[in-house]
$ cat start36.cif   # mmCIF, C-alpha atoms
data_protein
#
loop_
_atom_site.label_atom_id
_atom_site.label_comp_id
_atom_site.auth_asym_id
_atom_site.auth_seq_id
_atom_site.Cartn_x
_atom_site.Cartn_y
_atom_site.Cartn_z
CA MET A 292 -69.23 -93.40 121.66
CA THR A 293 -71.44 -94.44 124.61
CA SER A 294 -73.05 -91.43 126.31
CA VAL A 295 -73.60 -91.21 130.07
CA LEU A 296 -75.65 -89.14 132.50
CA ILE A 297 -74.21 -89.17 136.05
CA VAL A 298 -76.57 -88.72 139.00
CA ASP A 299 -75.02 -88.43 142.49
CA ASP A 300 -75.31 -85.84 145.23
CA GLU A 301 -71.59 -85.90 146.08
CA LEU A 302 -69.59 -83.60 143.83
CA PHE A 303 -66.38 -85.59 144.33
CA ILE A 304 -68.13 -88.79 143.22
CA VAL A 305 -69.53 -87.07 140.12
CA GLU A 306 -66.02 -85.81 139.33
CA LEU A 307 -64.58 -89.26 139.93
CA TYR A 308 -66.98 -90.95 137.47
CA ARG A 309 -66.44 -88.15 134.94
CA ASP A 310 -62.63 -88.40 135.18
CA ILE A 311 -62.57 -92.14 134.77
CA LEU A 312 -65.31 -92.51 132.17
CA GLN A 313 -63.81 -89.81 129.97
CA LEU A 314 -60.41 -91.42 130.30
CA ARG A 315 -61.94 -94.72 129.13
CA GLY A 316 -63.55 -93.08 126.10
CA TYR A 317 -67.12 -92.49 127.29
CA LYS A 318 -69.00 -89.25 126.65
CA VAL A 319 -70.44 -87.67 129.79
CA VAL A 320 -73.43 -85.71 128.50
CA GLY A 321 -74.69 -84.42 131.82
CA THR A 322 -74.60 -84.52 135.60
CA ALA A 323 -77.31 -84.12 138.23
CA PHE A 324 -77.11 -83.89 142.02
CA ASP A 325 -80.55 -85.27 142.93
CA GLY A 326 -83.33 -87.30 141.37
CA GLU A 327 -85.46 -84.29 140.49
CA GLU A 328 -82.62 -82.53 138.67
CA ALA A 329 -81.94 -85.78 136.83
CA LEU A 330 -85.58 -85.95 135.67
CA LYS A 331 -85.49 -82.34 134.45
CA LYS A 332 -82.27 -82.87 132.55
CA TYR A 333 -83.39 -86.21 131.17
CA GLY A 334 -86.84 -84.96 130.14
CA GLY A 335 -85.41 -81.82 128.58
CA SER A 336 -82.71 -83.52 126.52
CA GLN A 337 -83.28 -84.16 122.82
CA GLU A 338 -80.83 -87.04 122.71
CA LYS A 339 -81.16 -89.46 125.61
CA PRO A 340 -78.00 -90.85 127.22
CA ASP A 341 -77.17 -94.49 126.50
CA VAL A 342 -76.58 -95.12 130.19
CA ILE A 343 -77.52 -93.40 133.43
CA ILE A 344 -75.34 -94.00 136.49
CA MET A 345 -77.72 -93.51 139.41
CA ASP A 346 -76.98 -93.13 143.11
CA HIS A 347 -79.73 -93.85 145.64
CA ARG A 348 -79.42 -91.72 148.76
CA MET A 349 -79.91 -88.17 147.47
CA PRO A 350 -81.88 -85.12 148.65
CA ILE A 351 -85.29 -84.13 147.19
CA MET A 352 -85.76 -87.37 145.22
CA ASN A 353 -83.88 -90.64 145.73
CA GLY A 354 -82.48 -92.89 143.03
CA VAL A 355 -85.23 -95.51 143.13
CA GLU A 356 -87.96 -92.88 142.62
CA ALA A 357 -85.97 -91.15 139.88
CA THR A 358 -85.39 -94.47 138.11
CA LYS A 359 -89.12 -95.27 138.21
CA GLU A 360 -89.95 -91.89 136.64
CA ILE A 361 -87.28 -92.21 133.98
CA MET A 362 -88.50 -95.71 133.07
CA ARG A 363 -92.01 -94.28 132.74
CA MET A 364 -90.67 -91.73 130.23
CA ASN A 365 -88.53 -94.30 128.41
CA PRO A 366 -88.88 -98.00 129.30
CA ARG A 367 -85.78 -98.82 127.18
CA GLN A 368 -83.47 -96.57 129.16
CA LYS A 369 -80.46 -98.39 130.69
CA VAL A 370 -79.79 -97.47 134.31
CA ILE A 371 -76.82 -98.71 136.32
CA PHE A 372 -77.63 -98.29 139.98
CA VAL A 373 -74.73 -97.65 142.38
CA SER A 374 -75.20 -97.42 146.12
CA ALA A 375 -73.58 -98.01 149.48
CA ASP A 376 -76.98 -99.39 150.56
CA VAL A 377 -76.93 -103.01 149.44
CA LEU A 378 -80.45 -103.46 150.79
CA VAL A 379 -81.92 -101.32 148.00
CA GLU A 380 -80.80 -103.67 145.23
CA LYS A 381 -84.20 -105.32 144.86
CA GLU A 382 -86.03 -101.98 144.86
CA ALA A 383 -83.61 -100.62 142.29
CA ARG A 384 -84.04 -103.61 139.99
CA ASP A 385 -87.83 -103.51 140.45
CA ALA A 386 -87.74 -99.83 139.47
CA GLY A 387 -86.03 -100.81 136.21
CA ALA A 388 -82.27 -100.67 136.82
CA VAL A 389 -80.47 -103.23 134.63
CA GLU A 390 -77.38 -103.42 136.84
CA PHE A 391 -76.56 -102.85 140.50
CA LEU A 392 -73.13 -102.12 141.95
CA PRO A 393 -72.61 -101.91 145.70
CA LYS A 394 -70.16 -99.18 146.76
CA PRO A 395 -67.23 -99.26 146.95
CA PHE A 396 -66.69 -101.05 143.65
CA ARG A 397 -63.77 -101.41 141.28
CA MET A 398 -63.96 -99.06 138.32
CA ASP A 399 -63.24 -102.05 136.07
CA ASP A 400 -66.52 -103.54 137.29
CA LEU A 401 -68.40 -100.39 136.27
CA ILE A 402 -66.66 -100.32 132.89
CA GLU A 403 -67.53 -104.00 132.38
CA LYS A 404 -71.21 -103.27 132.97
CA MET A 405 -71.04 -100.22 130.67
CA GLU A 406 -69.48 -102.39 127.95
CA LYS A 407 -72.18 -105.02 128.36
CA ILE A 408 -74.82 -102.37 127.74
CA ALA A 409 -72.87 -100.90 124.81
CA VAL A 410 -72.66 -104.34 123.17
CA LEU A 411 -76.44 -104.84 123.51
CA ARG A 412 -77.03 -101.49 121.79
CA ARG A 413 -74.92 -102.42 118.72
CA MET B 878 -84.03 -110.28 153.64
CA PRO B 879 -84.48 -111.47 157.20
CA ARG B 880 -86.77 -109.42 159.41
CA ARG B 881 -85.30 -107.39 162.24
CA LYS B 882 -86.58 -106.58 165.66
CA GLY B 883 -85.57 -104.17 168.42
CA GLY B 884 -85.65 -100.41 168.81
CA GLY B 885 -84.93 -97.46 171.10
CA GLU B 886 -81.32 -96.44 171.66
CA GLY B 887 -80.05 -99.29 169.56
CA GLN B 888 -82.05 -98.01 166.61
CA GLN B 889 -80.70 -94.50 167.09
CA PHE B 890 -77.13 -95.82 167.18
CA ALA B 891 -77.80 -97.85 164.06
CA PHE B 892 -79.13 -94.72 162.36
CA TYR B 893 -75.98 -92.67 163.14
CA MET B 894 -73.75 -95.55 162.21
CA ASP B 895 -75.60 -95.86 158.93
CA LEU B 896 -75.03 -92.17 158.15
CA LEU B 897 -71.36 -92.36 159.06
CA GLY B 898 -70.84 -95.62 157.19
CA HIS B 899 -72.52 -94.27 154.07
CA ASP B 900 -70.23 -91.22 153.91
CA VAL B 901 -67.05 -93.16 154.73
CA ILE B 902 -67.85 -95.68 152.00
CA ASN B 903 -68.43 -92.83 149.50
CA SER B 904 -65.02 -91.35 150.38
CA ASN B 905 -63.40 -94.76 150.12
CA GLN B 906 -64.96 -95.21 146.70
CA ALA B 907 -63.14 -92.12 145.46
CA VAL B 908 -59.79 -93.02 147.04
CA LEU B 909 -60.03 -96.62 145.82
CA SER B 910 -60.82 -95.58 142.26
CA TYR B 911 -58.04 -92.99 141.96
CA LEU B 912 -55.57 -95.49 143.41
CA GLU B 913 -56.72 -98.01 140.83
CA LEU B 914 -55.95 -95.43 138.17
CA ILE B 915 -52.41 -95.00 139.53
CA TYR B 916 -51.98 -98.75 139.85
CA SER B 917 -53.05 -99.43 136.27
CA ASN B 918 -51.05 -96.55 134.77
CA PRO B 919 -48.32 -98.07 132.58
CA ALA B 920 -46.14 -95.01 133.27
CA ALA B 921 -46.06 -95.74 137.03
CA ASP B 922 -42.90 -97.57 138.09
CA LYS B 923 -42.81 -100.74 140.18
CA LYS B 924 -42.28 -98.92 143.48
CA ILE B 925 -45.18 -96.52 142.91
CA LYS B 926 -47.39 -99.49 142.04
CA ALA B 927 -46.32 -101.28 145.21
CA PHE B 928 -47.24 -98.22 147.29
CA ALA B 929 -50.58 -97.92 145.48
CA GLU B 930 -51.25 -101.61 146.15
CA LYS B 931 -50.60 -101.14 149.88
CA ALA B 932 -52.87 -98.08 149.96
CA LEU B 933 -55.58 -100.06 148.13
CA THR B 934 -55.47 -102.76 150.77
CA HIS B 935 -55.79 -100.16 153.55
CA VAL B 936 -58.80 -98.49 151.91
CA ARG B 937 -60.46 -101.87 151.50
CA THR B 938 -59.72 -102.60 155.16
CA SER B 939 -61.30 -99.30 156.18
CA THR B 940 -64.41 -100.21 154.19
CA LEU B 941 -64.43 -103.61 155.81
CA LEU B 942 -64.30 -102.05 159.29
CA VAL B 943 -67.37 -99.96 158.50
CA GLU B 944 -69.18 -102.92 156.99
CA ASN B 945 -68.34 -105.15 159.95
CA VAL B 946 -69.78 -102.63 162.41
CA LYS B 947 -72.90 -102.27 160.25
CA ARG B 948 -73.21 -106.07 160.13
CA LEU B 949 -72.71 -106.26 163.89
CA ILE B 950 -75.66 -103.94 164.39
CA ALA B 951 -77.74 -105.96 161.96
CA THR B 952 -76.92 -109.36 163.47
CA ARG B 953 -77.91 -108.22 166.96
CA THR B 954 -81.53 -108.02 165.89
CA LEU B 955 -81.84 -110.91 163.48
CA ASP B 956 -84.84 -113.16 163.29
CA LEU B 957 -83.49 -116.65 162.58
CA GLN B 958 -86.87 -117.99 161.52
CA SER B 959 -86.95 -115.82 158.40
CA MET B 960 -83.47 -116.80 157.18
CA LYS B 961 -82.62 -118.78 154.09
CA PRO B 962 -80.05 -121.60 154.38
CA VAL B 963 -76.55 -121.03 153.06
CA ASP B 964 -74.15 -123.63 151.63
CA ILE B 965 -70.88 -123.33 153.57
CA VAL B 966 -68.84 -125.13 150.90
CA ARG B 967 -69.79 -122.57 148.22
CA THR B 968 -69.42 -119.80 150.79
CA VAL B 969 -65.79 -120.73 151.52
CA GLU B 970 -65.06 -120.94 147.79
CA ARG B 971 -66.60 -117.52 147.13
CA ALA B 972 -64.82 -116.01 150.14
CA HIS B 973 -61.51 -117.37 148.81
CA LEU B 974 -62.03 -115.50 145.52
CA GLU B 975 -63.06 -112.34 147.35
CA VAL B 976 -60.07 -112.40 149.71
CA SER B 977 -57.69 -112.99 146.79
CA ARG B 978 -59.08 -109.86 145.16
CA PHE B 979 -58.74 -108.00 148.44
CA TYR B 980 -55.05 -108.87 148.73
CA PRO B 981 -53.71 -108.87 145.17
CA GLY B 982 -50.11 -109.05 146.44
CA LYS B 983 -50.66 -112.30 148.33
CA ARG B 984 -51.02 -115.79 146.95
CA ILE B 985 -53.76 -117.42 148.97
CA ARG B 986 -54.22 -121.19 148.81
CA ILE B 987 -57.03 -123.09 150.48
CA LYS B 988 -56.89 -126.83 150.93
CA PHE B 989 -59.90 -128.75 152.17
CA ASP B 990 -59.03 -131.67 154.45
CA SER B 991 -62.62 -132.72 154.65
CA LYS B 992 -65.36 -131.35 152.41
CA PRO B 993 -68.94 -132.60 152.03
CA SER B 994 -70.60 -131.95 148.67
CA GLN B 995 -73.01 -129.56 150.35
CA ALA B 996 -73.33 -128.15 153.88
CA LEU B 997 -76.50 -126.14 154.43
CA ALA B 998 -76.52 -123.96 157.53
CA VAL B 999 -78.76 -121.31 159.04
CA GLY B 1000 -77.51 -117.82 158.38
CA ASP B 1001 -78.40 -116.35 154.98
CA SER B 1002 -75.92 -113.71 153.80
CA TYR B 1003 -74.82 -113.12 157.42
CA ALA B 1004 -73.20 -116.55 157.59
CA ALA B 1005 -71.45 -115.83 154.29
CA ASP B 1006 -70.24 -112.48 155.69
CA LEU B 1007 -69.04 -114.29 158.80
CA VAL B 1008 -66.94 -116.78 156.81
CA LEU B 1009 -65.55 -113.97 154.64
CA SER B 1010 -64.69 -111.93 157.69
CA VAL B 1011 -62.78 -114.80 159.34
CA LEU B 1012 -60.91 -115.59 156.13
CA LEU B 1013 -59.99 -111.93 155.70
CA THR B 1014 -58.79 -111.73 159.29
CA ALA B 1015 -56.67 -114.85 158.86
CA VAL B 1016 -55.02 -113.51 155.72
CA ARG B 1017 -54.55 -110.12 157.33
CA LEU B 1018 -52.79 -111.65 160.34
CA ASP B 1019 -50.55 -113.84 158.18
CA PRO B 1020 -47.41 -111.77 157.47
CA GLY B 1021 -46.33 -113.82 154.45
CA ASP B 1022 -47.06 -113.25 150.77
CA GLU B 1023 -47.88 -116.95 150.44
CA VAL B 1024 -50.84 -117.86 152.62
CA ASP B 1025 -51.77 -121.50 153.10
CA LEU B 1026 -55.01 -122.25 154.85
CA LYS B 1027 -56.08 -125.74 155.79
CA VAL B 1028 -59.85 -126.07 155.92
CA ASP B 1029 -61.88 -128.80 157.53
CA LEU B 1030 -65.67 -128.88 157.34
CA ARG B 1031 -67.57 -131.63 159.09
CA GLU B 1032 -70.81 -132.39 160.90
CA GLY B 1033 -71.00 -131.92 164.64
CA THR B 1034 -73.27 -130.76 167.40
CA PHE B 1035 -73.63 -127.52 169.29
CA GLY B 1036 -75.63 -127.87 172.47
CA GLN B 1037 -78.64 -129.93 171.47
CA ARG B 1038 -78.48 -128.91 167.83
CA GLN B 1039 -76.87 -130.46 164.78
CA ALA B 1040 -74.24 -128.20 163.36
CA TRP B 1041 -71.55 -127.71 160.75
CA VAL B 1042 -68.10 -127.11 162.19
CA LEU B 1043 -65.74 -125.19 159.93
CA ARG B 1044 -62.11 -125.15 161.02
CA LEU B 1045 -59.53 -122.90 159.37
CA GLU B 1046 -55.87 -123.41 160.21
CA ASP B 1047 -52.93 -121.18 159.31
CA ARG B 1048 -49.47 -122.17 160.60
CA ASN B 1049 -47.94 -118.77 159.89
CA ILE B 1050 -50.23 -116.49 161.87
CA ALA B 1051 -49.08 -114.69 165.00
CA LEU B 1052 -52.39 -114.45 166.82
CA PRO B 1053 -52.62 -111.42 169.14
CA ALA B 1054 -52.10 -112.70 172.70
CA PHE B 1055 -55.41 -111.34 173.89
CA LEU B 1056 -57.26 -113.63 171.51
CA ASN B 1057 -55.59 -116.81 172.64
CA GLY B 1058 -58.32 -117.69 175.08
CA GLY B 1059 -61.02 -117.30 172.50
CA GLY B 1060 -62.82 -114.68 174.59
CA VAL B 1061 -63.03 -112.11 171.83
CA GLU B 1062 -65.97 -110.12 173.06
CA GLU B 1063 -64.70 -109.69 176.64
CA THR B 1064 -61.35 -108.41 175.41
CA TYR B 1065 -63.00 -105.86 173.21
CA SER B 1066 -64.83 -104.33 176.11
CA GLN B 1067 -61.53 -104.04 178.02
CA ASP B 1068 -59.15 -102.66 175.41
CA ILE B 1069 -60.53 -100.75 172.46
CA SER B 1070 -57.05 -100.07 171.02
CA THR B 1071 -56.60 -103.74 170.22
CA ALA B 1072 -60.25 -104.08 169.33
CA VAL B 1073 -60.10 -102.01 166.16
CA LYS B 1074 -57.33 -104.20 164.75
CA THR B 1075 -59.48 -107.27 164.63
CA THR B 1076 -63.06 -106.07 164.31
CA GLY B 1077 -63.57 -108.93 161.90
CA MET B 1078 -63.22 -111.43 164.72
CA LEU B 1079 -65.54 -109.52 167.01
CA PHE B 1080 -68.07 -109.51 164.21
CA ALA B 1081 -67.47 -113.24 163.67
CA GLN B 1082 -68.05 -114.10 167.29
CA MET B 1083 -71.13 -111.95 167.73
CA ALA B 1084 -72.59 -113.01 164.40
CA ALA B 1085 -71.98 -116.69 165.12
CA LYS B 1086 -73.66 -116.39 168.53
CA ASN B 1087 -76.59 -114.46 167.09
CA LEU B 1088 -76.97 -117.14 164.44
CA GLY B 1089 -77.22 -119.73 167.19
CA GLY B 1090 -73.66 -121.01 166.75
CA ASP B 1091 -70.17 -120.13 167.93
CA PHE B 1092 -66.75 -118.80 166.92
CA GLU B 1093 -63.38 -119.32 168.55
CA ALA B 1094 -59.79 -118.33 167.78
CA HIS B 1095 -56.83 -120.19 169.30
CA ALA B 1096 -53.07 -120.39 168.80
CA LEU B 1097 -52.03 -123.61 167.10
CA VAL B 1098 -48.99 -124.01 169.35
CA HIS B 1099 -49.44 -122.78 172.91
CA GLY B 1100 -46.87 -121.62 175.44
CA GLU B 1101 -43.98 -119.19 174.94
CA LYS B 1102 -43.42 -120.07 171.31
CA ARG B 1103 -47.01 -119.55 170.31
CA SER B 1104 -47.49 -119.79 166.60
CA GLY B 1105 -50.17 -120.43 164.03
CA ALA B 1106 -53.87 -120.10 164.58
CA VAL B 1107 -57.06 -122.09 164.36
CA PHE B 1108 -60.40 -120.40 163.74
CA THR B 1109 -63.46 -122.51 164.40
CA ILE B 1110 -66.88 -121.46 163.18
CA THR B 1111 -69.88 -123.50 164.31
CA LEU B 1112 -73.14 -122.90 162.47
CA VAL B 1113 -76.46 -124.57 163.11
CA LYS B 1114 -77.49 -127.00 160.36
CA ALA B 1115 -80.40 -125.84 158.27
CA GLY B 1116 -83.35 -128.05 159.22
CA GLY B 1117 -81.28 -129.54 162.08
CA THR B 1118 -83.09 -130.85 165.14
CA GLN B 1119 -83.50 -128.60 168.17
#

$ encode --input "start36.cif" --output "structure tokens"
Amino acid sequence: MTSVLIVDDELFIVELYRDILQLRGYKVVGTAFDGEEALKKYGGSQEKPDVIIMDHRMPIMNGVEATKEIMRMNPRQKVIFVSADVLVEKEARDAGAVEFLPKPFRMDDLIEKMEKIAVLRR
Amino acid sequence: MPRRKGGGEGQQFAFYMDLLGHDVINSNQAVLSYLELIYSNPAADKKIKAFAEKALTHVRTSTLLVENVKRLIATRTLDLQSMKPVDIVRTVERAHLEVSRFYPGKRIRIKFDSKPSQALAVGDSYAADLVLSVLLTAVRLDPGDEVDLKVDLREGTFGQRQAWVLRLEDRNIALPAFLNGGGVEETYSQDISTAVKTTGMLFAQMAAKNLGGDFEAHALVHGEKRSGAVFTITLVKAGGTQ
């Protein structure tokens, strides 16, 4: 079962991803509401999530910075970047994100990208 | 991305609009996704699915309104010199796919009357957004479930410059009377209630002008029995002479 860490500062978005991903058979192993919390949770976890869904515009530390730090800890980590700011796509990919989804997106598109990553892991 | 210029009050407005747009899009993401869940639920009956489909279209429209206003702000301060050329033929084809996804209940057919193999114009992603916006507006204004658009793309001139002229024709559209003269921008400043219904066309006209070209909307048949519509987008040819 593919494991996921969700990082977004909006509670209703975190709940949305959790609802849908769990319904589609993914295991949500953690949630974080800003980049710094994500780093703490990621660094402190024994078993790293297969995928991180990362928002950009968050308080304390944004998604691009958090992605850079996570990639420093684990260059093989798969990060799917999701943002309403299409202009950050290049920055996100440069930071190490493997996929970028501009909000609002269809959940099927997110699942498709999750599946692509899951296939590469097998 | 193209460089931008400008500042002052405009920048402040853009900042607030950016904040608002960001939060509206986040909310729309949630509504859109839960509606998708309802729509794809095998237990939901046909009527529920039809309602969900209508709601989906409205949420997408709300997102489009926000995006159009954001694009409007961006196009006001564009620097044409730093733009990459865009192929209008591919742009129309991509927009067709996008619009079909936007309106899953409609069957949208596009027929090219005249199509060069490639038509490079100035405009980067803004020209692509412009074409998408006009196509979306056309489909939105067409009340039928079967939408037939006749497209004609040919070389022309605009002022002293070489241009590509893209003409989209739909015989089924009832174009709002205020747009008949093609003076989109003026009408918007006079009546905001009608303005919000067709922000896509305001965006199209302002974007086209800011890209050095033009946009017009006209009824196909004039007079009392006005019917159909023609949308004409003129974009400056990439590398075209001044």

$ closest_residue --input "start36.cif" --among "B:Leu949, B:Leu896, B:Gly1090, B:Thr940" --to "Val908 of chain B" --atoms "all atoms listed in the file"
B:Thr940

$ atom_distance --input "start36.cif" --atom1 "atom CA of Arg978 of chain B" --atom2 "atom CA of Gln995 of chain B"
24.7 Å

$ closest_residue --input "start36.cif" --among "B:Ser1104, B:Ser1010, B:Ser994, B:Gln1037" --to "Ala1051 of chain B" --atoms "all atoms listed in the file"
B:Ser1104

$ closest_residue --input "start36.cif" --among "A:Leu411, A:Met405, A:Val389, A:Leu378" --to "chain B" --atoms "all atoms listed in the file"
A:Leu378

$ resolve_selection --input "start36.cif" --expression "the PyMOL selection byres ((chain B) within 12 of (chain A))" --output "ChimeraX atom specification"
/B:878-879,895-915,917-918,933,936-941,943-944,947-948,951,978-979,1002

$ resolve_selection --input "start36.cif" --expression "the PyMOL selection byres ((chain B and resi 993) around 12)" --output "list of chain:residue names"
B:Asp964, B:Ile965, B:Val966, B:Arg967, B:Phe989, B:Asp990, B:Ser991, B:Lys992, B:Ser994, B:Gln995, B:Ala996, B:Leu997, B:Val1028, B:Asp1029, B:Leu1030, B:Arg1031, B:Glu1032, B:Trp1041, B:Val1042, B:Leu1043

$ atom_distance --input "start36.cif" --atom1 "atom CA of Lys1114 of chain B" --atom2 "atom CA of Met1078 of chain B"
21.6 Å

$ decode --input "start36.cif" --residues "segment 967-976 of chain B" --atoms "all heavy atoms" --output "compact mmCIF listing (two decimals), in the first residue's frame"
# COMPACT_ATOMS: atom_id res chain seq x y z
N ARG B 967 -1.83 24.41 -32.80
CA ARG B 967 -1.77 23.51 -31.64
C ARG B 967 -2.60 24.07 -30.49
O ARG B 967 -3.23 23.33 -29.75
CB ARG B 967 -0.32 23.33 -31.15
CG ARG B 967 0.66 22.74 -32.14
CD ARG B 967 0.46 21.26 -32.40
NE ARG B 967 -0.42 21.03 -33.54
CZ ARG B 967 -0.07 21.18 -34.82
NH1 ARG B 967 1.14 21.55 -35.14
NH2 ARG B 967 -0.93 20.94 -35.79
N THR B 968 -2.57 25.40 -30.35
CA THR B 968 -3.30 26.04 -29.27
C THR B 968 -4.80 25.78 -29.37
O THR B 968 -5.45 25.47 -28.39
CB THR B 968 -3.02 27.56 -29.30
OG1 THR B 968 -1.63 27.74 -29.07
CG2 THR B 968 -3.79 28.31 -28.25
N VAL B 969 -5.34 25.88 -30.59
CA VAL B 969 -6.78 25.62 -30.80
C VAL B 969 -7.07 24.15 -30.48
O VAL B 969 -8.06 23.83 -29.81
CB VAL B 969 -7.20 25.96 -32.24
CG1 VAL B 969 -8.64 25.53 -32.51
CG2 VAL B 969 -7.05 27.46 -32.50
N GLU B 970 -6.18 23.27 -30.91
CA GLU B 970 -6.41 21.83 -30.67
C GLU B 970 -6.39 21.52 -29.17
O GLU B 970 -7.24 20.78 -28.67
CB GLU B 970 -5.35 21.00 -31.41
CG GLU B 970 -5.57 21.02 -32.92
CD GLU B 970 -4.38 20.50 -33.73
OE1 GLU B 970 -3.29 20.28 -33.15
OE2 GLU B 970 -4.55 20.35 -34.95
N ARG B 971 -5.43 22.12 -28.47
CA ARG B 971 -5.35 21.88 -27.01
C ARG B 971 -6.57 22.49 -26.31
O ARG B 971 -7.14 21.89 -25.40
CB ARG B 971 -4.06 22.48 -26.45
CG ARG B 971 -2.89 21.50 -26.51
CD ARG B 971 -1.77 21.94 -25.59
NE ARG B 971 -1.21 23.21 -26.02
CZ ARG B 971 -0.19 23.33 -26.86
NH1 ARG B 971 0.38 22.27 -27.33
NH2 ARG B 971 0.27 24.52 -27.20
N ALA B 972 -6.97 23.68 -26.75
CA ALA B 972 -8.13 24.35 -26.13
C ALA B 972 -9.40 23.52 -26.34
O ALA B 972 -10.24 23.42 -25.46
CB ALA B 972 -8.30 25.75 -26.73
N HIS B 973 -9.50 22.88 -27.52
CA HIS B 973 -10.65 22.02 -27.80
C HIS B 973 -10.74 20.89 -26.77
O HIS B 973 -11.81 20.62 -26.20
CB HIS B 973 -10.51 21.46 -29.23
CG HIS B 973 -11.66 20.59 -29.64
ND1 HIS B 973 -11.55 19.69 -30.65
CD2 HIS B 973 -12.93 20.47 -29.17
CE1 HIS B 973 -12.72 19.05 -30.79
NE2 HIS B 973 -13.56 19.52 -29.90
N LEU B 974 -9.61 20.25 -26.50
CA LEU B 974 -9.58 19.16 -25.51
C LEU B 974 -9.97 19.67 -24.13
O LEU B 974 -10.75 19.06 -23.42
CB LEU B 974 -8.16 18.56 -25.42
CG LEU B 974 -7.72 17.69 -26.59
CD1 LEU B 974 -6.28 17.25 -26.40
CD2 LEU B 974 -8.62 16.43 -26.66
N GLU B 975 -9.41 20.83 -23.78
CA GLU B 975 -9.65 21.42 -22.46
C GLU B 975 -11.13 21.78 -22.28
O GLU B 975 -11.73 21.49 -21.25
CB GLU B 975 -8.76 22.67 -22.33
CG GLU B 975 -8.79 23.35 -20.98
CD GLU B 975 -8.07 22.58 -19.89
OE1 GLU B 975 -7.25 21.68 -20.21
OE2 GLU B 975 -8.33 22.86 -18.74
N VAL B 976 -11.71 22.38 -23.31
CA VAL B 976 -13.12 22.80 -23.23
C VAL B 976 -14.03 21.57 -23.16
O VAL B 976 -15.03 21.57 -22.44
CB VAL B 976 -13.50 23.70 -24.43
CG1 VAL B 976 -14.97 24.05 -24.42
CG2 VAL B 976 -12.68 24.98 -24.40
